[in-house]
file structure-v4.pdb (PDB, C-alpha atoms)
ATOM      1  CA  MET T   1      93.880 100.017 113.227  1.00  0.00           C
ATOM      2  CA  THR T   2      91.718 101.450 110.436  1.00  0.00           C
ATOM      3  CA  LEU T   3      93.082 102.045 106.961  1.00  0.00           C
ATOM      4  CA  LEU T   4      92.720 105.828 107.259  1.00  0.00           C
ATOM      5  CA  LYS T   5      94.573 105.901 110.571  1.00  0.00           C
ATOM      6  CA  ALA T   6      97.337 103.640 109.225  1.00  0.00           C
ATOM      7  CA  VAL T   7      97.673 105.780 106.082  1.00  0.00           C
ATOM      8  CA  GLU T   8      97.905 108.978 108.122  1.00  0.00           C
ATOM      9  CA  GLN T   9     100.451 107.553 110.578  1.00  0.00           C
ATOM     10  CA  THR T  10     102.578 106.074 107.798  1.00  0.00           C
ATOM     11  CA  PHE T  11     102.612 108.931 105.317  1.00  0.00           C
ATOM     12  CA  CYS T  12     102.679 111.939 107.654  1.00  0.00           C
ATOM     13  CA  LYS T  13     106.283 110.989 108.502  1.00  0.00           C
ATOM     14  CA  LEU T  14     107.564 111.104 104.926  1.00  0.00           C
ATOM     15  CA  GLN T  15     109.153 114.226 103.539  1.00  0.00           C
ATOM     16  CA  ALA T  16     109.773 114.322  99.771  1.00  0.00           C
ATOM     17  CA  PRO T  17     110.070 110.523  99.557  1.00  0.00           C
ATOM     18  CA  ASP T  18     111.667 108.876  96.540  1.00  0.00           C
ATOM     19  CA  LEU T  19     110.022 105.958  94.758  1.00  0.00           C
ATOM     20  CA  GLU T  20     111.654 103.290  96.946  1.00  0.00           C
ATOM     21  CA  GLN T  21     110.590 105.028 100.176  1.00  0.00           C
ATOM     22  CA  LEU T  22     107.063 105.460  98.851  1.00  0.00           C
ATOM     23  CA  ALA T  23     106.790 101.795  97.862  1.00  0.00           C
ATOM     24  CA  ALA T  24     108.192 100.637 101.219  1.00  0.00           C
ATOM     25  CA  ALA T  25     105.719 102.809 103.115  1.00  0.00           C
ATOM     26  CA  LEU T  26     102.848 101.421 101.048  1.00  0.00           C
ATOM     27  CA  ARG T  27     103.950  97.833 101.749  1.00  0.00           C
ATOM     28  CA  SER T  28     104.007  98.578 105.474  1.00  0.00           C
ATOM     29  CA  LEU T  29     100.212  99.114 105.396  1.00  0.00           C
ATOM     30  CA  GLU T  30      99.576  95.445 104.609  1.00  0.00           C
ATOM     31  CA  THR T  31      97.454  94.721 107.690  1.00  0.00           C
ATOM     32  CA  SER T  32      94.932  97.418 106.757  1.00  0.00           C
ATOM     33  CA  PHE T  33      94.417  96.497 103.093  1.00  0.00           C
ATOM     34  CA  HIS T  34      91.172  94.592 103.720  1.00  0.00           C
ATOM     35  CA  GLU T  35      89.416  97.979 104.090  1.00  0.00           C
ATOM     36  CA  ILE T  36      90.407  99.462 100.730  1.00  0.00           C
ATOM     37  CA  ALA T  37      87.222  98.454  98.883  1.00  0.00           C
ATOM     38  CA  SER T  38      85.081 100.318 101.417  1.00  0.00           C
ATOM     39  CA  TYR T  39      86.632 103.592 100.142  1.00  0.00           C
ATOM     40  CA  LYS T  40      85.946 102.995  96.452  1.00  0.00           C
ATOM     41  CA  THR T  41      83.767 105.489  94.600  1.00  0.00           C
ATOM     42  CA  GLU T  42      81.846 105.068  91.381  1.00  0.00           C
ATOM     43  CA  PRO T  43      82.975 106.861  88.227  1.00  0.00           C
ATOM     44  CA  ASN T  44      81.714 110.416  87.912  1.00  0.00           C
ATOM     45  CA  GLN T  45      83.458 112.634  85.361  1.00  0.00           C
ATOM     46  CA  LEU T  46      86.130 110.040  84.590  1.00  0.00           C
ATOM     47  CA  PRO T  47      85.701 106.417  83.419  1.00  0.00           C
ATOM     48  CA  TYR T  48      86.921 105.316  86.855  1.00  0.00           C
ATOM     49  CA  GLY T  49      86.235 106.215  90.490  1.00  0.00           C
ATOM     50  CA  ARG T  50      88.853 108.279  92.301  1.00  0.00           C
ATOM     51  CA  ASN T  51      88.762 108.959  96.057  1.00  0.00           C
ATOM     52  CA  VAL T  52      91.577 110.944  97.722  1.00  0.00           C
ATOM     53  CA  ILE T  53      91.742 109.555 101.261  1.00  0.00           C
ATOM     54  CA  TYR T  54      94.853 111.426 102.459  1.00  0.00           C
ATOM     55  CA  ARG T  55      96.927 114.360 101.275  1.00  0.00           C
ATOM     56  CA  ASN T  56      99.650 116.560 102.706  1.00  0.00           C
ATOM     57  CA  ASP T  57     102.385 118.682 101.132  1.00  0.00           C
ATOM     58  CA  ASP T  58     104.499 115.600 100.285  1.00  0.00           C
ATOM     59  CA  VAL T  59     102.111 112.705  99.618  1.00  0.00           C
ATOM     60  CA  GLU T  60      98.686 111.964  98.145  1.00  0.00           C
ATOM     61  CA  VAL T  61      96.871 108.642  98.711  1.00  0.00           C
ATOM     62  CA  ILE T  62      94.012 107.673  96.395  1.00  0.00           C
ATOM     63  CA  VAL T  63      91.660 104.701  96.090  1.00  0.00           C
ATOM     64  CA  ILE T  64      91.026 103.968  92.402  1.00  0.00           C
ATOM     65  CA  HIS T  65      88.075 101.886  91.183  1.00  0.00           C
ATOM     66  CA  ILE T  66      88.177 100.845  87.523  1.00  0.00           C
ATOM     67  CA  PRO T  67      84.950  99.089  86.517  1.00  0.00           C
ATOM     68  CA  ALA T  68      84.906  96.144  84.142  1.00  0.00           C
ATOM     69  CA  PHE T  69      85.850  97.011  80.561  1.00  0.00           C
ATOM     70  CA  SER T  70      87.103 100.504  81.483  1.00  0.00           C
ATOM     71  CA  ALA T  71      90.482 102.226  81.416  1.00  0.00           C
ATOM     72  CA  THR T  72      92.280 105.380  82.398  1.00  0.00           C
ATOM     73  CA  ALA T  73      93.546 107.753  79.748  1.00  0.00           C
ATOM     74  CA  ILE T  74      97.123 107.281  78.586  1.00  0.00           C
ATOM     75  CA  HIS T  75      98.967 109.585  80.984  1.00  0.00           C
ATOM     76  CA  ASN T  76     102.004 110.330  83.095  1.00  0.00           C
ATOM     77  CA  HIS T  77     102.144 111.772  86.593  1.00  0.00           C
ATOM     78  CA  GLY T  78     103.986 114.996  85.824  1.00  0.00           C
ATOM     79  CA  THR T  79     106.716 115.456  88.429  1.00  0.00           C
ATOM     80  CA  SER T  80     105.256 112.824  90.760  1.00  0.00           C
ATOM     81  CA  VAL T  81     106.310 109.221  91.319  1.00  0.00           C
ATOM     82  CA  GLY T  82     103.830 106.591  92.423  1.00  0.00           C
ATOM     83  CA  ALA T  83     103.360 103.203  93.998  1.00  0.00           C
ATOM     84  CA  ALA T  84     100.175 101.150  94.084  1.00  0.00           C
ATOM     85  CA  TYR T  85      98.646  97.998  95.528  1.00  0.00           C
ATOM     86  CA  LEU T  86      95.899  96.126  93.667  1.00  0.00           C
ATOM     87  CA  ALA T  87      93.366  94.995  96.263  1.00  0.00           C
ATOM     88  CA  GLN T  88      90.751  93.488  93.930  1.00  0.00           C
ATOM     89  CA  GLY T  89      90.658  92.214  90.354  1.00  0.00           C
ATOM     90  CA  THR T  90      93.235  92.063  87.592  1.00  0.00           C
ATOM     91  CA  ILE T  91      94.496  94.989  85.563  1.00  0.00           C
ATOM     92  CA  VAL T  92      96.765  95.565  82.585  1.00  0.00           C
ATOM     93  CA  ASN T  93      99.374  98.299  83.075  1.00  0.00           C
ATOM     94  CA  SER T  94     100.395  99.336  79.546  1.00  0.00           C
ATOM     95  CA  LYS T  95     103.636 101.315  79.337  1.00  0.00           C
ATOM     96  CA  PHE T  96     104.251 103.698  76.448  1.00  0.00           C
ATOM     97  CA  SER T  97     107.008 105.683  74.792  1.00  0.00           C
ATOM     98  CA  LEU T  98     106.441 108.586  72.439  1.00  0.00           C
ATOM     99  CA  ASP T  99     107.129 108.217  68.721  1.00  0.00           C
ATOM    100  CA  TYR T 100     108.902 110.827  66.581  1.00  0.00           C
ATOM    101  CA  ALA T 101     105.669 112.879  66.329  1.00  0.00           C
ATOM    102  CA  GLY T 102     104.884 112.714  70.062  1.00  0.00           C
ATOM    103  CA  TYR T 103     102.200 109.995  69.933  1.00  0.00           C
ATOM    104  CA  PRO T 104     102.198 107.154  72.472  1.00  0.00           C
ATOM    105  CA  VAL T 105     103.299 103.701  71.331  1.00  0.00           C
ATOM    106  CA  VAL T 106     102.866 100.646  73.584  1.00  0.00           C
ATOM    107  CA  GLN T 107     106.189  99.218  74.770  1.00  0.00           C
ATOM    108  CA  ALA T 108     105.001  96.656  77.336  1.00  0.00           C
ATOM    109  CA  ASP T 109     101.860  95.296  78.976  1.00  0.00           C
ATOM    110  CA  ASP T 110     102.142  94.070  82.557  1.00  0.00           C
ATOM    111  CA  MET T 111      99.344  91.975  84.062  1.00  0.00           C
ATOM    112  CA  ILE T 112      98.811  92.971  87.701  1.00  0.00           C
ATOM    113  CA  LYS T 113      96.744  90.654  89.920  1.00  0.00           C
ATOM    114  CA  ALA T 114      95.067  91.219  93.275  1.00  0.00           C
ATOM    115  CA  GLY T 115      97.666  91.295  96.052  1.00  0.00           C
ATOM    116  CA  GLU T 116     100.435  92.680  93.842  1.00  0.00           C
ATOM    117  CA  TYR T 117     102.266  96.003  93.932  1.00  0.00           C
ATOM    118  CA  PHE T 118     103.399  98.156  91.020  1.00  0.00           C
ATOM    119  CA  THR T 119     105.156 101.481  90.606  1.00  0.00           C
ATOM    120  CA  ALA T 120     105.183 104.526  88.344  1.00  0.00           C
ATOM    121  CA  PRO T 121     108.744 105.852  88.100  1.00  0.00           C
ATOM    122  CA  PRO T 122     109.505 109.401  86.939  1.00  0.00           C
ATOM    123  CA  ASP T 123     108.445 110.154  83.363  1.00  0.00           C
ATOM    124  CA  GLN T 124     106.574 106.861  82.897  1.00  0.00           C
ATOM    125  CA  ILE T 125     103.683 107.110  80.451  1.00  0.00           C
ATOM    126  CA  HIS T 126     101.089 104.421  81.082  1.00  0.00           C
ATOM    127  CA  GLN T 127      97.453 103.374  81.032  1.00  0.00           C
ATOM    128  CA  LEU T 128      95.592 101.148  83.474  1.00  0.00           C
ATOM    129  CA  ASN T 129      93.116  98.997  81.569  1.00  0.00           C
ATOM    130  CA  ASN T 130      90.540  96.599  82.970  1.00  0.00           C
ATOM    131  CA  PRO T 131      89.453  94.341  80.077  1.00  0.00           C
ATOM    132  CA  PHE T 132      87.914  91.836  82.487  1.00  0.00           C
ATOM    133  CA  HIS T 133      84.432  91.192  83.952  1.00  0.00           C
ATOM    134  CA  GLU T 134      85.442  91.976  87.544  1.00  0.00           C
ATOM    135  CA  PRO T 135      86.039  95.569  88.700  1.00  0.00           C
ATOM    136  CA  THR T 136      89.402  96.551  90.143  1.00  0.00           C
ATOM    137  CA  VAL T 137      90.113  98.472  93.331  1.00  0.00           C
ATOM    138  CA  SER T 138      93.595  99.735  94.127  1.00  0.00           C
ATOM    139  CA  LEU T 139      95.404 102.006  96.553  1.00  0.00           C
ATOM    140  CA  HIS T 140      97.815 104.535  94.991  1.00  0.00           C
ATOM    141  CA  VAL T 141     100.302 106.862  96.652  1.00  0.00           C
ATOM    142  CA  TYR T 142     102.070 109.726  94.867  1.00  0.00           C
ATOM    143  CA  SER T 143     104.813 112.133  95.811  1.00  0.00           C
ATOM    144  CA  PRO T 144     104.579 114.994  95.404  1.00  0.00           C
ATOM    145  CA  PRO T 145     100.762 115.102  95.226  1.00  0.00           C
ATOM    146  CA  LEU T 146      99.461 115.006  91.666  1.00  0.00           C
ATOM    147  CA  ASP T 147      99.139 118.412  90.052  1.00  0.00           C
ATOM    148  CA  ALA T 148     100.565 118.175  86.540  1.00  0.00           C
ATOM    149  CA  VAL T 149      99.251 114.977  84.982  1.00  0.00           C
ATOM    150  CA  ASN T 150      99.737 114.906  81.221  1.00  0.00           C
ATOM    151  CA  ARG T 151      97.299 113.018  78.974  1.00  0.00           C
ATOM    152  CA  TYR T 152      98.227 111.582  75.581  1.00  0.00           C
ATOM    153  CA  LEU T 153      95.979 110.677  72.678  1.00  0.00           C
ATOM    154  CA  PRO T 154      97.029 107.812  70.426  1.00  0.00           C
ATOM    155  CA  TYR T 155      97.425 108.753  66.783  1.00  0.00           C
ATOM    156  CA  SER T 156      94.302 106.715  65.943  1.00  0.00           C
ATOM    157  CA  GLU T 157      92.202 109.178  67.981  1.00  0.00           C
ATOM    158  CA  VAL T 158      93.605 112.324  66.385  1.00  0.00           C
ATOM    159  CA  LEU T 159      92.132 113.666  63.167  1.00  0.00           C
ATOM    160  CA  ASP T 160      94.798 114.129  60.540  1.00  0.00           C
ATOM    161  CA  TYR T 161      93.866 116.340  57.626  1.00  0.00           C
ATOM    162  CA  VAL T 162      95.958 116.272  54.480  1.00  0.00           C
ATOM    163  CA  ILE T 163      95.384 119.248  52.186  1.00  0.00           C
TER     164      ILE T 163
END
call {"tool": "encode", "arguments": {"input": "structure-v4.pdb", "output": "structure tokens"}}
result
Amino acid sequence: MTLLKAVEQTFCKLQAPDLEQLAAALRSLETSFHEIASYKTEPNQLPYGRNVIYRNDDVEVIVIHIPAFSATAIHNHGTSVGAAYLAQGTIVNSKFSLDYAGYPVVQADDMIKAGEYFTAPPDQIHQLNNPFHEPTVSLHVYSPPLDAVNRYLPYSEVLDYVI
């Protein structure tokens, strides 16, 4: 069965899944993972490629390609939860909290390797960083579909004028 067919059959059944249901559904696709890289796209307006391969009212499935030495912005997923599978490469998933002024501060860095799964629980602020020579390709699933992603700038990137 093709990846697209497996994704459609798996995720069309879910209605407002929680994080555990989403992760379990993603793991059930295991036999179709060899096709993920064929759906990668090159970066366009973002520093990474993003290809939505399935979406309905409850779920969105995206193939993410982060080239070598690139990263996503520091962000959360709004009201969505997510689960992902890293098909190729190694990535650092940095998790943040906000300081007293609302700037992100790194709390933990998790190294994710090809063949591993990871999740984005509610309210998690994180950044996916590829500091390595090999590009990464991963399959992400979110519920509800992404519509209110929040981006955060670290204090070092914000101009602070003292008068």
call {"tool": "atom_distance", "arguments": {"input": "structure-v4.pdb", "atom1": "atom CA of T:Phe118", "atom2": "atom CA of T:Pro67"}}
result
19.0 Å
call {"tool": "closest_residue", "arguments": {"input": "structure-v4.pdb", "among": "T:Pro104, T:Pro131, T:Pro121, T:Pro17", "to": "T:Ala68", "atoms": "only C-alpha atoms"}}
result
T:Pro131
call {"tool": "resolve_selection", "arguments": {"input": "structure-v4.pdb", "expression": "the PyMOL selection byres ((chain T and resi 79) around 10)", "output": "list in words"}}
result
Asn76, His77, Gly78, Ser80, Val81, Pro121, Pro122, Asp123, Tyr142, Ser143, Pro144, Pro145, Leu146, Asp147, Ala148 and Val149 of chain T
call {"tool": "atom_distance", "arguments": {"input": "structure-v4.pdb", "atom1": "atom CA of T:Glu42", "atom2": "atom CA of T:Thr10"}}
result
26.5 Å
call {"tool": "resolve_selection", "arguments": {"input": "structure-v4.pdb", "expression": "the PyMOL selection byres ((chain T and resi 153) around 10)", "output": "VMD selection string"}}
result
chain T and resid 73 to 75 102 to 104 151 to 152 154 to 158
call {"tool": "resolve_selection", "arguments": {"input": "structure-v4.pdb", "expression": "the PyMOL selection byres ((chain T and resi 6) around 12)", "output": "PyMOL selection string"}}
result
chain T and resi 1-5+7-13+25-33+35-36+53-54+61
call {"tool": "write_last_selection", "arguments": {"input": "structure-v4.pdb", "atoms": "C-alpha atoms", "output": "short mmCIF file (atom, residue, chain, number, x, y, z; two decimals), keeping the file's coordinate frame"}}
result
data_model
loop_
_atom_site.label_atom_id
_atom_site.label_comp_id
_atom_site.auth_asym_id
_atom_site.auth_seq_id
_atom_site.Cartn_x
_atom_site.Cartn_y
_atom_site.Cartn_z
CA MET T 1 93.88 100.02 113.23
CA THR T 2 91.72 101.45 110.44
CA LEU T 3 93.08 102.04 106.96
CA LEU T 4 92.72 105.83 107.26
CA LYS T 5 94.57 105.90 110.57
CA VAL T 7 97.67 105.78 106.08
CA GLU T 8 97.90 108.98 108.12
CA GLN T 9 100.45 107.55 110.58
CA THR T 10 102.58 106.07 107.80
CA PHE T 11 102.61 108.93 105.32
CA CYS T 12 102.68 111.94 107.65
CA LYS T 13 106.28 110.99 108.50
CA ALA T 25 105.72 102.81 103.12
CA LEU T 26 102.85 101.42 101.05
CA ARG T 27 103.95 97.83 101.75
CA SER T 28 104.01 98.58 105.47
CA LEU T 29 100.21 99.11 105.40
CA GLU T 30 99.58 95.44 104.61
CA THR T 31 97.45 94.72 107.69
CA SER T 32 94.93 97.42 106.76
CA PHE T 33 94.42 96.50 103.09
CA GLU T 35 89.42 97.98 104.09
CA ILE T 36 90.41 99.46 100.73
CA ILE T 53 91.74 109.56 101.26
CA TYR T 54 94.85 111.43 102.46
CA VAL T 61 96.87 108.64 98.71
#
call {"tool": "axis_aligned_box", "arguments": {"input": "structure-v4.pdb", "around": "stretch 75-81 of chain T", "padding_each_side": "6 Å", "output": "lines of an AutoDock Vina configuration file"}}
result
center_x = 102.8
center_y = 112.3
center_z = 86.2
size_x = 19.7
size_y = 18.2
size_z = 22.3
call {"tool": "atom_distance", "arguments": {"input": "structure-v4.pdb", "atom1": "atom CA of T:Val59", "atom2": "atom CA of T:Glu20"}}
result
13.7 Å
call {"tool": "residues_near_point", "arguments": {"input": "structure-v4.pdb", "point": "(100.1, 98.8, 78.7)", "cutoff": "8 Å", "atoms": "only C-alpha atoms", "output": "ChimeraX atom specification"}}
result
/T:92-96,106-110,126-129
call {"tool": "closest_residue", "arguments": {"input": "structure-v4.pdb", "among": "T:Asn150, T:Gln15, T:Thr72, T:Ser138", "to": "T:Val52", "atoms": "all atoms listed in the file"}}
result
T:Ser138
